[in-house]
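Below is final_37.cif, which holds mmCIF, C-alpha atoms.
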data_model
#
loop_
_atom_site.label_atom_id
_atom_site.label_comp_id
_atom_site.auth_asym_id
_atom_site.auth_seq_id
_atom_site.Cartn_x
_atom_site.Cartn_y
_atom_site.Cartn_z
CA MET A 1 -84.08 -40.72 48.23
CA LEU A 2 -85.18 -44.08 49.68
CA PRO A 3 -82.49 -46.64 50.57
CA VAL A 4 -82.04 -49.49 48.09
CA SER A 5 -83.36 -52.00 50.65
CA ARG A 6 -86.49 -49.90 51.17
CA CYS A 7 -87.07 -49.65 47.38
CA ALA A 8 -86.77 -53.43 47.06
CA THR A 9 -89.30 -53.91 49.87
CA LEU A 10 -91.78 -51.53 48.21
CA LEU A 11 -91.30 -53.20 44.82
CA ALA A 12 -91.94 -56.64 46.30
CA ALA A 13 -95.07 -55.35 48.02
CA LEU A 14 -96.28 -53.78 44.78
CA LEU A 15 -95.74 -57.00 42.81
CA ALA A 16 -97.56 -59.02 45.50
CA ALA A 17 -100.47 -56.59 45.40
CA THR A 18 -100.59 -56.83 41.58
CA VAL A 19 -100.72 -60.63 41.69
CA THR A 20 -103.38 -60.52 44.40
CA LEU A 21 -105.48 -58.10 42.34
CA ALA A 22 -105.13 -60.25 39.20
CA ASN A 23 -106.23 -63.33 41.13
CA ALA A 24 -109.13 -61.41 42.65
CA GLN A 25 -110.30 -60.38 39.17
CA ARG A 26 -110.08 -63.97 37.85
CA PRO A 27 -113.44 -65.79 38.07
CA ALA A 28 -113.49 -68.69 40.49
CA ALA A 29 -113.14 -72.23 39.20
CA GLN A 30 -116.47 -74.01 38.80
CA ALA A 31 -116.74 -77.62 39.98
CA ILE A 32 -119.25 -79.62 37.95
CA ALA A 33 -120.27 -82.83 39.73
CA ALA A 34 -121.11 -85.93 37.74
CA ASP A 35 -124.74 -85.81 38.89
CA SER A 36 -125.09 -82.06 38.28
CA SER A 37 -128.15 -80.83 36.40
CA LEU A 38 -125.76 -78.77 34.25
CA TRP A 39 -124.95 -81.74 32.02
CA LEU A 40 -126.59 -82.24 28.64
CA PHE A 41 -126.10 -85.86 27.59
CA GLU A 42 -126.10 -86.88 23.92
CA GLY A 43 -125.67 -90.40 22.56
CA ALA A 44 -124.31 -93.00 24.98
CA ALA A 45 -123.58 -90.70 27.94
CA GLN A 46 -124.82 -91.15 31.51
CA ILE A 47 -124.02 -90.88 35.21
CA ASP A 48 -122.20 -93.93 36.59
CA THR A 49 -119.70 -95.17 39.20
CA MET A 50 -116.26 -96.42 38.16
CA LEU A 51 -113.44 -97.59 40.41
CA GLY A 52 -115.28 -96.24 43.43
CA ARG A 53 -115.92 -92.74 42.08
CA ARG A 54 -119.06 -91.06 40.80
CA CYS A 55 -118.45 -90.06 37.19
CA VAL A 56 -119.82 -89.17 33.76
CA ARG A 57 -119.57 -92.25 31.55
CA VAL A 58 -119.45 -91.79 27.76
CA ASP A 59 -119.08 -94.30 24.93
CA GLY A 60 -120.07 -92.94 21.53
CA GLY A 61 -121.54 -89.63 22.64
CA GLN A 62 -120.81 -86.47 24.55
CA ALA A 63 -121.67 -84.57 27.70
CA THR A 64 -121.87 -80.80 27.36
CA VAL A 65 -121.94 -78.25 30.17
CA LYS A 66 -125.15 -76.26 29.70
CA GLY A 67 -124.89 -72.49 29.44
CA LEU A 68 -121.09 -72.44 29.37
CA ASP A 69 -119.65 -70.13 26.71
CA LEU A 70 -115.88 -69.84 27.07
CA ARG A 71 -113.14 -68.02 25.24
CA ASP A 72 -110.08 -68.77 27.39
CA ALA A 73 -110.09 -71.29 30.24
CA ILE A 74 -108.46 -74.14 32.13
CA VAL A 75 -110.43 -77.39 32.30
CA ASP A 76 -109.31 -80.07 34.80
CA MET A 77 -110.63 -83.61 35.26
CA ASP A 78 -109.74 -87.14 36.22
CA VAL A 79 -110.21 -89.84 33.60
CA THR A 80 -110.26 -93.63 33.44
CA THR A 81 -111.00 -96.09 30.67
CA PRO A 82 -111.30 -99.88 30.72
CA SER A 83 -111.47 -100.10 26.91
CA PRO A 84 -108.47 -101.43 24.95
CA ARG A 85 -109.42 -99.20 22.00
CA GLY A 86 -111.00 -95.77 21.90
CA PHE A 87 -110.98 -92.05 21.18
CA PHE A 88 -111.76 -89.79 24.13
CA GLY A 89 -111.17 -86.16 24.95
CA LEU A 90 -112.59 -82.64 24.95
CA LEU A 91 -114.48 -80.53 22.47
CA PHE A 92 -114.02 -76.84 23.25
CA ARG A 93 -115.12 -73.52 21.78
CA GLY A 94 -117.92 -75.45 20.16
CA ASP A 95 -120.88 -74.09 18.23
CA SER A 96 -123.53 -75.92 16.20
CA THR A 97 -121.10 -77.17 13.52
CA ASN A 98 -117.53 -76.28 14.59
CA ALA A 99 -115.24 -76.94 17.54
CA GLU A 100 -111.67 -77.60 18.57
CA TYR A 101 -111.18 -81.26 19.53
CA VAL A 102 -108.26 -82.80 21.39
CA TYR A 103 -108.39 -86.52 22.13
CA LEU A 104 -106.39 -89.55 23.18
CA ARG A 105 -106.29 -93.02 21.62
CA GLN A 106 -105.60 -95.68 24.24
CA HIS A 107 -104.89 -98.31 21.56
CA LYS A 108 -101.99 -96.12 20.41
CA SER A 109 -100.51 -95.51 23.85
CA GLY A 110 -96.84 -94.54 23.55
CA ARG A 111 -96.97 -94.10 19.78
CA SER A 112 -96.39 -90.88 17.86
CA ASP A 113 -100.12 -90.24 17.40
CA ALA A 114 -101.43 -91.39 20.77
CA MET A 115 -103.06 -87.97 21.11
CA GLN A 116 -104.31 -85.57 18.48
CA TYR A 117 -105.74 -82.10 18.08
CA THR A 118 -108.05 -81.52 15.11
CA PRO A 119 -110.42 -78.73 14.18
CA VAL A 120 -114.04 -79.76 13.62
CA LEU A 121 -115.24 -77.82 10.57
CA ASN A 122 -118.83 -78.02 9.34
CA THR A 123 -119.31 -81.21 11.44
CA GLY A 124 -116.21 -82.88 9.95
CA LEU A 125 -113.10 -84.05 11.78
CA ASN A 126 -109.98 -83.04 9.89
CA TRP A 127 -107.27 -85.23 11.39
CA GLN A 128 -106.06 -86.36 7.94
CA LEU A 129 -105.30 -82.74 6.99
CA TYR A 130 -103.58 -81.68 10.22
CA SER A 131 -100.83 -83.91 11.57
CA GLY A 132 -97.35 -83.67 13.05
CA PRO A 133 -96.02 -81.05 15.52
CA GLY A 134 -98.83 -79.05 17.09
CA PHE A 135 -101.38 -81.72 16.19
CA THR A 136 -100.13 -85.16 17.23
CA GLY A 137 -97.79 -86.54 19.86
CA PRO A 138 -96.83 -89.56 21.98
CA VAL A 139 -98.11 -90.17 25.50
CA ASP A 140 -98.65 -93.18 27.76
CA ILE A 141 -102.35 -93.76 28.44
CA PRO A 142 -103.18 -95.87 31.51
CA ARG A 143 -106.13 -98.27 31.58
CA ASN A 144 -108.30 -99.15 34.55
CA GLU A 145 -106.87 -96.40 36.74
CA TRP A 146 -107.69 -92.76 37.32
CA PHE A 147 -105.31 -90.17 35.93
CA HIS A 148 -105.48 -86.39 35.52
CA LEU A 149 -106.04 -84.33 32.37
CA ARG A 150 -105.80 -80.58 32.05
CA LEU A 151 -106.64 -78.50 29.01
CA GLU A 152 -105.59 -74.87 28.80
CA PHE A 153 -106.68 -72.70 25.90
CA ALA A 154 -105.88 -69.01 25.55
CA GLY A 155 -106.08 -66.95 22.38
CA ALA A 156 -105.27 -69.08 19.34
CA GLN A 157 -103.16 -71.58 21.32
CA GLY A 158 -103.82 -74.51 23.61
CA LYS A 159 -102.01 -77.01 25.84
CA LEU A 160 -102.96 -80.50 26.95
CA PHE A 161 -101.44 -81.95 30.13
CA VAL A 162 -101.62 -85.70 30.76
CA LYS A 163 -100.72 -86.92 34.28
CA ASP A 164 -97.82 -84.44 34.58
CA MET A 165 -99.22 -80.96 35.27
CA ASN A 166 -95.79 -79.32 35.02
CA ALA A 167 -95.12 -80.05 31.35
CA PRO A 168 -97.69 -80.12 28.52
CA ALA A 169 -97.91 -83.36 26.58
CA LEU A 170 -99.23 -81.53 23.51
CA VAL A 171 -98.83 -77.86 22.60
CA MET A 172 -101.40 -76.68 20.04
CA THR A 173 -99.57 -73.76 18.47
CA ASP A 174 -102.38 -72.60 16.19
CA LEU A 175 -106.05 -73.44 16.78
CA LYS A 176 -107.58 -73.67 13.34
CA THR A 177 -111.34 -73.15 13.44
CA GLY A 178 -111.20 -69.41 14.07
CA VAL A 179 -114.10 -69.77 16.52
CA GLN A 180 -113.18 -67.62 19.53
CA HIS A 181 -115.69 -68.84 22.12
CA GLY A 182 -118.16 -71.64 22.69
CA SER A 183 -119.17 -74.68 24.68
CA VAL A 184 -117.10 -77.40 26.37
CA SER A 185 -117.98 -81.10 26.03
CA LEU A 186 -116.60 -84.43 27.16
CA ALA A 187 -116.53 -86.35 23.88
CA VAL A 188 -115.89 -90.04 23.18
CA LEU A 189 -116.11 -91.42 19.65
CA THR A 190 -115.83 -94.99 20.91
CA GLY A 191 -114.49 -96.85 23.95
CA THR A 192 -116.02 -96.48 27.40
CA THR A 193 -114.42 -93.56 29.25
CA CYS A 194 -115.32 -92.05 32.63
CA PHE A 195 -114.73 -88.47 33.78
CA ALA A 196 -114.77 -87.24 37.39
CA ASP A 197 -113.99 -84.07 39.38
CA ILE A 198 -114.46 -81.75 36.41
CA ARG A 199 -113.47 -78.15 37.10
CA VAL A 200 -113.65 -75.18 34.74
CA GLN A 201 -111.56 -72.06 35.39
CA PRO A 202 -112.37 -69.12 33.06
CA LEU A 203 -109.37 -66.92 32.23
CA PRO A 204 -109.06 -63.29 31.15
CA ASP A 205 -108.93 -62.91 27.37
CA SER A 206 -105.47 -63.34 25.87
CA PRO A 207 -104.36 -61.61 22.65
CA TRP A 208 -105.47 -63.51 19.55
CA MET A 209 -102.19 -64.23 17.76
CA ARG A 210 -101.95 -66.83 15.01
CA HIS A 211 -98.78 -68.91 14.64
CA LEU A 212 -99.05 -69.94 11.01
CA PRO A 213 -96.42 -71.99 9.15
CA PRO A 214 -94.73 -70.41 6.11
CA MET A 215 -96.39 -70.80 2.74
CA ALA A 216 -94.76 -73.63 0.79
CA ALA A 217 -92.67 -72.66 -2.23
CA GLY A 218 -94.71 -72.86 -5.42
CA ALA A 219 -98.02 -73.30 -3.60
CA LEU A 220 -101.12 -72.68 -5.72
CA THR A 221 -103.17 -70.44 -3.48
CA SER A 222 -106.09 -68.92 -5.46
CA TRP A 223 -108.96 -71.28 -6.26
CA LEU A 224 -112.59 -71.35 -7.32
CA ILE A 225 -114.59 -74.16 -5.73
CA SER A 226 -117.90 -75.65 -6.79
CA PRO A 227 -120.86 -76.61 -4.63
CA SER A 228 -120.75 -80.01 -2.92
CA LEU A 229 -122.09 -82.66 -5.32
CA ASP A 230 -123.03 -86.33 -5.13
CA ALA A 231 -119.87 -88.07 -6.35
CA LEU A 232 -121.74 -91.16 -7.55
CA GLU A 233 -123.94 -89.10 -9.86
CA ARG A 234 -120.89 -87.84 -11.77
CA ASN A 235 -118.56 -89.52 -14.23
CA LEU A 236 -115.35 -88.09 -12.82
CA GLU A 237 -113.30 -89.63 -15.60
CA ARG A 238 -114.84 -87.00 -17.90
CA PRO A 239 -113.83 -83.32 -17.60
CA LEU A 240 -116.48 -80.73 -16.94
CA THR A 241 -118.01 -79.30 -20.09
CA ALA A 242 -118.13 -75.55 -20.70
CA GLU A 243 -121.88 -75.71 -20.09
CA GLN A 244 -121.41 -77.46 -16.73
CA VAL A 245 -118.81 -74.91 -15.65
CA ALA A 246 -121.10 -72.03 -16.60
CA ALA A 247 -124.06 -73.56 -14.77
CA MET A 248 -122.22 -73.95 -11.45
CA LYS A 249 -121.91 -71.30 -8.76
CA TRP A 250 -118.21 -70.90 -7.96
CA GLU A 251 -116.76 -69.53 -4.72
CA LYS A 252 -113.34 -67.90 -4.56
CA VAL A 253 -111.12 -69.20 -1.75
CA GLU A 254 -107.50 -68.71 -0.73
CA ALA A 255 -105.25 -71.50 0.50
CA GLU A 256 -104.07 -71.33 4.10
CA PRO A 257 -100.36 -71.72 4.94
CA PRO A 258 -98.58 -73.95 4.02
CA GLY A 259 -100.92 -74.06 0.97
CA LEU A 260 -103.84 -76.08 2.32
CA VAL A 261 -107.42 -75.69 1.11
CA PRO A 262 -109.60 -77.29 3.83
CA LEU A 263 -112.84 -77.83 1.94
CA ASN A 264 -114.68 -78.62 5.18
CA ARG A 265 -114.32 -74.95 6.05
CA TYR A 266 -116.59 -74.10 3.13
CA ARG A 267 -118.74 -77.21 2.60
CA GLU A 268 -120.62 -79.42 5.04
CA SER A 269 -118.82 -82.68 5.69
CA PRO A 270 -120.42 -85.89 4.39
CA HIS A 271 -120.65 -88.85 6.77
CA PRO A 272 -121.06 -92.00 4.65
CA ARG A 273 -120.81 -95.48 6.14
CA VAL A 274 -117.60 -96.58 4.44
CA THR A 275 -117.72 -100.33 3.89
CA PHE A 276 -114.03 -101.05 3.21
CA GLN A 277 -112.97 -99.82 6.66
CA ARG A 278 -114.68 -102.97 7.95
CA ASP A 279 -114.35 -105.21 4.90
CA PHE A 280 -111.23 -104.52 2.83
CA SER A 281 -112.56 -106.56 -0.10
CA THR A 282 -115.20 -103.87 -0.78
CA ARG A 283 -112.76 -101.00 -1.33
CA LEU A 284 -113.65 -100.76 -5.07
CA ASP A 285 -117.40 -100.78 -4.42
CA PRO A 286 -119.41 -97.53 -4.74
CA GLN A 287 -119.73 -95.74 -1.42
CA PRO A 288 -123.16 -94.04 -1.17
CA GLY A 289 -122.94 -90.62 0.45
CA LYS A 290 -119.54 -89.73 -0.99
CA ARG A 291 -119.37 -86.05 -2.03
CA VAL A 292 -117.17 -84.23 -4.55
CA VAL A 293 -116.08 -80.61 -4.98
CA PHE A 294 -114.36 -79.27 -8.10
CA ALA A 295 -111.55 -76.76 -7.61
CA ARG A 296 -110.25 -74.59 -10.48
CA THR A 297 -107.18 -72.40 -10.85
CA GLU A 298 -105.14 -70.82 -13.63
CA ILE A 299 -101.48 -71.42 -14.38
CA ASN A 300 -99.78 -68.92 -16.71
CA SER A 301 -96.70 -70.19 -18.47
CA ASP A 302 -94.17 -68.17 -20.44
CA ARG A 303 -93.55 -71.10 -22.81
CA ASP A 304 -94.53 -74.66 -23.61
CA GLN A 305 -93.05 -76.74 -20.81
CA VAL A 306 -93.62 -79.55 -18.34
CA LYS A 307 -93.84 -78.81 -14.63
CA LYS A 308 -94.34 -81.14 -11.70
CA LEU A 309 -97.42 -80.73 -9.54
CA MET A 310 -96.82 -81.92 -5.98
CA LEU A 311 -100.20 -82.96 -4.65
CA GLY A 312 -101.77 -84.02 -1.39
CA TYR A 313 -105.48 -84.73 -1.10
CA SER A 314 -108.14 -86.33 1.05
CA ASP A 315 -109.73 -88.63 0.09
CA GLU A 316 -109.81 -89.02 -3.72
CA VAL A 317 -108.70 -86.83 -6.61
CA VAL A 318 -109.00 -86.57 -10.38
CA VAL A 319 -106.66 -84.06 -12.06
CA TYR A 320 -107.64 -82.31 -15.30
CA LEU A 321 -105.50 -79.88 -17.31
CA ASN A 322 -106.96 -77.88 -20.17
CA GLY A 323 -109.90 -80.25 -20.46
CA ARG A 324 -107.87 -83.49 -20.34
CA VAL A 325 -107.74 -86.10 -17.60
CA LEU A 326 -104.18 -86.62 -16.35
CA TYR A 327 -104.44 -88.53 -13.09
CA GLY A 328 -106.75 -90.25 -10.61
CA GLY A 329 -105.79 -91.19 -7.07
CA ARG A 330 -107.34 -92.67 -3.95
CA SER A 331 -105.96 -91.96 -0.49
CA ALA A 332 -108.86 -92.72 1.84
CA GLN A 333 -108.34 -94.29 5.25
CA SER A 334 -107.99 -98.10 4.91
CA PHE A 335 -108.11 -97.97 1.10
CA ARG A 336 -104.50 -98.78 0.23
CA ASP A 337 -104.26 -101.33 3.02
CA PRO A 338 -106.33 -101.92 6.19
CA GLU A 339 -103.86 -99.93 8.34
CA PHE A 340 -103.52 -97.00 5.93
CA LEU A 341 -104.54 -93.70 7.58
CA GLY A 342 -104.72 -91.38 4.59
CA ILE A 343 -102.69 -88.61 6.23
CA MET A 344 -102.33 -85.80 3.68
CA ASP A 345 -99.07 -84.16 2.62
CA SER A 346 -98.07 -82.31 -0.54
CA GLU A 347 -95.22 -84.76 -1.04
CA ASP A 348 -97.57 -87.76 -1.29
CA ASP A 349 -98.16 -87.72 -5.06
CA SER A 350 -96.83 -85.93 -8.11
CA VAL A 351 -98.32 -85.29 -11.54
CA PHE A 352 -96.44 -83.97 -14.55
CA LEU A 353 -98.32 -81.10 -16.21
CA PRO A 354 -97.75 -80.43 -19.94
CA LEU A 355 -98.27 -76.67 -19.84
CA ARG A 356 -98.78 -74.69 -23.00
CA LYS A 357 -97.62 -71.12 -23.46
CA GLY A 358 -100.12 -68.70 -21.93
CA ARG A 359 -103.17 -69.56 -19.82
CA ASN A 360 -103.73 -73.10 -18.54
CA GLU A 361 -106.70 -74.27 -16.47
CA LEU A 362 -106.06 -76.82 -13.75
CA VAL A 363 -109.11 -78.55 -12.25
CA LEU A 364 -109.17 -80.96 -9.32
CA ALA A 365 -112.14 -83.12 -8.38
CA ILE A 366 -111.76 -83.81 -4.65
CA SER A 367 -114.03 -86.48 -3.14
CA GLU A 368 -114.56 -87.07 0.58
CA LEU A 369 -115.41 -90.13 2.66
CA GLY A 370 -114.32 -88.93 6.10
CA GLY A 371 -111.38 -87.74 8.20
CA GLY A 372 -110.88 -84.40 6.47
CA TRP A 373 -111.79 -82.91 3.10
CA GLY A 374 -109.10 -80.87 1.43
CA PHE A 375 -106.00 -80.63 -0.73
CA ILE A 376 -102.62 -78.94 -1.09
CA ALA A 377 -100.94 -78.35 -4.44
CA ARG A 378 -97.69 -76.72 -5.47
CA LEU A 379 -95.66 -76.43 -8.65
CA VAL A 380 -91.96 -77.26 -8.85
CA GLU A 381 -89.44 -77.20 -11.66
CA LEU A 382 -88.28 -80.49 -13.11
CA ALA A 383 -84.89 -81.67 -11.91
CA PRO A 384 -82.11 -80.80 -14.37
CA ARG A 385 -80.76 -83.59 -16.52
#
Take the structure from the file and write it as structure tokens.
Amino acid sequence: MLPVSRCATLLAALLAATVTLANAQRPAAQAIAADSSLWLFEGAAQIDTMLGRRCVRVDGGQATVKGLDLRDAIVDMDVTTPSPRGFFGLLFRGDSTNAEYVYLRQHKSGRSDAMQYTPVLNTGLNWQLYSGPGFTGPVDIPRNEWFHLRLEFAGAQGKLFVKDMNAPALVMTDLKTGVQHGSVSLAVLTGTTCFADIRVQPLPDSPWMRHLPPMAAGALTSWLISPSLDALERNLERPLTAEQVAAMKWEKVEAEPPGLVPLNRYRESPHPRVTFQRDFSTRLDPQPGKRVVFARTEINSDRDQVKKLMLGYSDEVVVYLNGRVLYGGRSAQSFRDPEFLGIMDSEDDSVFLPLRKGRNELVLAISELGGGWGFIARLVELAPR
């Protein structure tokens, strides 16, 4: 039998060899210079020099690394922005219509939503649907100085590091698109931002494990949804007729925990030019390009009764029960006041449903202007007298 000291020495050597082998099997990090031919520039993206460093400059566009198809990776870069307002970050695991997107807002530096992760689904950002822990967080964002960003994504999780590489500023506990590999892009919605010393380190595949929240109590989870329709061609104050229902092609969908139906997952996102985000006085004007989807479900009741429907939606809703209009609401960004964000939550609104004994049909007309198309609905008992 070997002495304890000898066993410890052999164990240490074995562990060192294992780590060395793992590192040897890991692909080398790839440095992508600002003037590399690997960049594909779209929109306002170009090579530039900022604060003495050669960089990729983007303002309302993106720069994608050609031929890069990643599942798990670490992406490092230095960033600087002179703009007082902006949205800049990284698109990753991108395909032609979907991607994960994590970005910073320098005009919200230090605030609870200074950075945000959102899935891009069918070309639509969904930041109004996904907010709070795992999606938004505070961070200080310097201006006119270089600082470091690192994005790690492995399996269905991701981490964003800002300046401090020892502690993540944002932990993305559950990446939502379901896309498991794709491109990486530097993406800036607005606000000049420069990127330098970009390095991409592919990682071995991690297990794909979702970290879903629990389903909310009383959530309505089984729905039929209609095709996407021009909202301005419909009188949404009138319920669908039996003939209209029969003529439509309906798709069965299931709500995702905690009860969310992200319509952008199933229907291409509209991108209208919303006037009231620039001119509040036009918020009641028709908005060309607005789209609507009808969603139907059944509620079976053991007696005549009234139940409360807790409802969150983005951006507009009309609620119909058994062929009657009960409620209409608007929750679009900047609609209720110029600073209103339209963040969706099932506690936002409530509607009292006069259910009859037996089968009841609940229909929602959900219209979209931007920021995320979806809804969450759950039934709760009325408070006792």
Protein and nucleic acid residues near (-109.1, -87.1, -16.8) (cut-off 12 Å, only C-alpha atoms) as a PyMOL selection string: chain A and resi 235-240+317-329+362-365
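Compared by their closest atoms to Glu361 of chain A, and using only C-alpha atoms, the residues A:Ala377, A:Ala246, A:Leu260, A:Ala295 rank with A:Ala295 nearest.
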Residues within 6 Å of (-96.1, -68.1, -26.0), counting only C-alpha atoms, listed as a list in words: Asp302, Arg303, Lys357 and Gly358 of chain A
Computed interatomic separation between atom CA of Leu70 of chain A and atom CA of His181 of chain A (Å): 5.1 Å
Give me the segment 179-277 of chain A side of the contact with segment 36-45 of chain A, cut-off 10 Å, one line per residue showing its nearest atom pair and distance in Å at one decimal, counting only C-alpha atoms, sorted by chain and residue number, as JSON lines.
{"residue": "A:Ser185", "atom": "CA", "partner": "A:Leu40", "partner_atom": "CA", "distance": 9.1}
{"residue": "A:Leu186", "atom": "CA", "partner": "A:Ala45", "partner_atom": "CA", "distance": 9.4}
{"residue": "A:Ala187", "atom": "CA", "partner": "A:Ala45", "partner_atom": "CA", "distance": 9.2}
{"residue": "A:Val188", "atom": "CA", "partner": "A:Ala45", "partner_atom": "CA", "distance": 9.1}
{"residue": "A:Leu189", "atom": "CA", "partner": "A:Ala44", "partner_atom": "CA", "distance": 9.9}
{"residue": "A:Thr190", "atom": "CA", "partner": "A:Ala44", "partner_atom": "CA", "distance": 9.6}
{"residue": "A:Thr192", "atom": "CA", "partner": "A:Ala44", "partner_atom": "CA", "distance": 9.3}
{"residue": "A:Thr193", "atom": "CA", "partner": "A:Ala45", "partner_atom": "CA", "distance": 9.7}
{"residue": "A:Cys194", "atom": "CA", "partner": "A:Ala45", "partner_atom": "CA", "distance": 9.6}
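Of the listed residues A:Ala73, A:Asp78, A:Phe195, A:Met172, the one whose atoms come nearest to Ile47 of chain A is A:Phe195, with distances taken using all atoms listed in the file.
For the set A:Arg105, A:Arg199, A:Arg54, A:Arg291, the residue with the smallest atom-to-atom gap to Pro84 of chain A is A:Arg105, counting only C-alpha atoms.
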Can you sort out segment 311-331 of chain A so it carries N, CA and C atoms, written as a short mmCIF file (atom, residue, chain, number, x, y, z; two decimals), in the coordinates of the input?
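See out20.cif below for the written result:
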data_model
loop_
_atom_site.label_atom_id
_atom_site.label_comp_id
_atom_site.auth_asym_id
_atom_site.auth_seq_id
_atom_site.Cartn_x
_atom_site.Cartn_y
_atom_site.Cartn_z
N LEU A 311 -98.78 -82.95 -4.98
CA LEU A 311 -100.20 -82.96 -4.65
C LEU A 311 -100.48 -83.83 -3.44
N GLY A 312 -101.20 -83.25 -2.49
CA GLY A 312 -101.77 -84.02 -1.39
C GLY A 312 -103.27 -83.81 -1.39
N TYR A 313 -104.03 -84.83 -1.02
CA TYR A 313 -105.48 -84.73 -1.10
C TYR A 313 -106.12 -85.73 -0.14
N SER A 314 -107.34 -85.45 0.20
CA SER A 314 -108.14 -86.33 1.05
C SER A 314 -109.61 -86.17 0.61
N ASP A 315 -110.24 -87.27 0.09
CA ASP A 315 -109.73 -88.63 0.09
C ASP A 315 -109.40 -89.14 -1.33
N GLU A 316 -110.04 -88.59 -2.35
CA GLU A 316 -109.81 -89.02 -3.72
C GLU A 316 -109.66 -87.81 -4.61
N VAL A 317 -108.92 -87.96 -5.71
CA VAL A 317 -108.70 -86.83 -6.61
C VAL A 317 -108.72 -87.31 -8.06
N VAL A 318 -109.22 -86.46 -8.94
CA VAL A 318 -109.00 -86.57 -10.38
C VAL A 318 -108.42 -85.22 -10.82
N VAL A 319 -107.35 -85.27 -11.62
CA VAL A 319 -106.66 -84.06 -12.06
C VAL A 319 -106.92 -83.87 -13.55
N TYR A 320 -107.39 -82.67 -13.91
CA TYR A 320 -107.64 -82.31 -15.30
C TYR A 320 -106.80 -81.07 -15.63
N LEU A 321 -106.23 -81.05 -16.82
CA LEU A 321 -105.50 -79.88 -17.31
C LEU A 321 -105.99 -79.55 -18.71
N ASN A 322 -106.48 -78.34 -18.87
CA ASN A 322 -106.96 -77.88 -20.17
C ASN A 322 -107.94 -78.87 -20.80
N GLY A 323 -108.84 -79.38 -19.96
CA GLY A 323 -109.90 -80.25 -20.46
C GLY A 323 -109.49 -81.69 -20.69
N ARG A 324 -108.32 -82.10 -20.20
CA ARG A 324 -107.87 -83.49 -20.34
C ARG A 324 -107.64 -84.10 -18.97
N VAL A 325 -108.00 -85.38 -18.84
CA VAL A 325 -107.74 -86.10 -17.60
C VAL A 325 -106.28 -86.54 -17.58
N LEU A 326 -105.58 -86.22 -16.47
CA LEU A 326 -104.18 -86.62 -16.35
C LEU A 326 -103.96 -87.67 -15.28
N TYR A 327 -104.78 -87.69 -14.24
CA TYR A 327 -104.44 -88.53 -13.09
C TYR A 327 -105.67 -88.77 -12.24
N GLY A 328 -105.74 -89.95 -11.63
CA GLY A 328 -106.75 -90.25 -10.61
C GLY A 328 -106.10 -90.98 -9.46
N GLY A 329 -106.40 -90.56 -8.24
CA GLY A 329 -105.79 -91.19 -7.07
C GLY A 329 -106.78 -91.38 -5.95
N ARG A 330 -106.51 -92.40 -5.11
CA ARG A 330 -107.34 -92.67 -3.95
C ARG A 330 -106.45 -92.78 -2.72
N SER A 331 -106.79 -92.01 -1.70
CA SER A 331 -105.96 -91.96 -0.49
C SER A 331 -106.81 -92.00 0.76
#
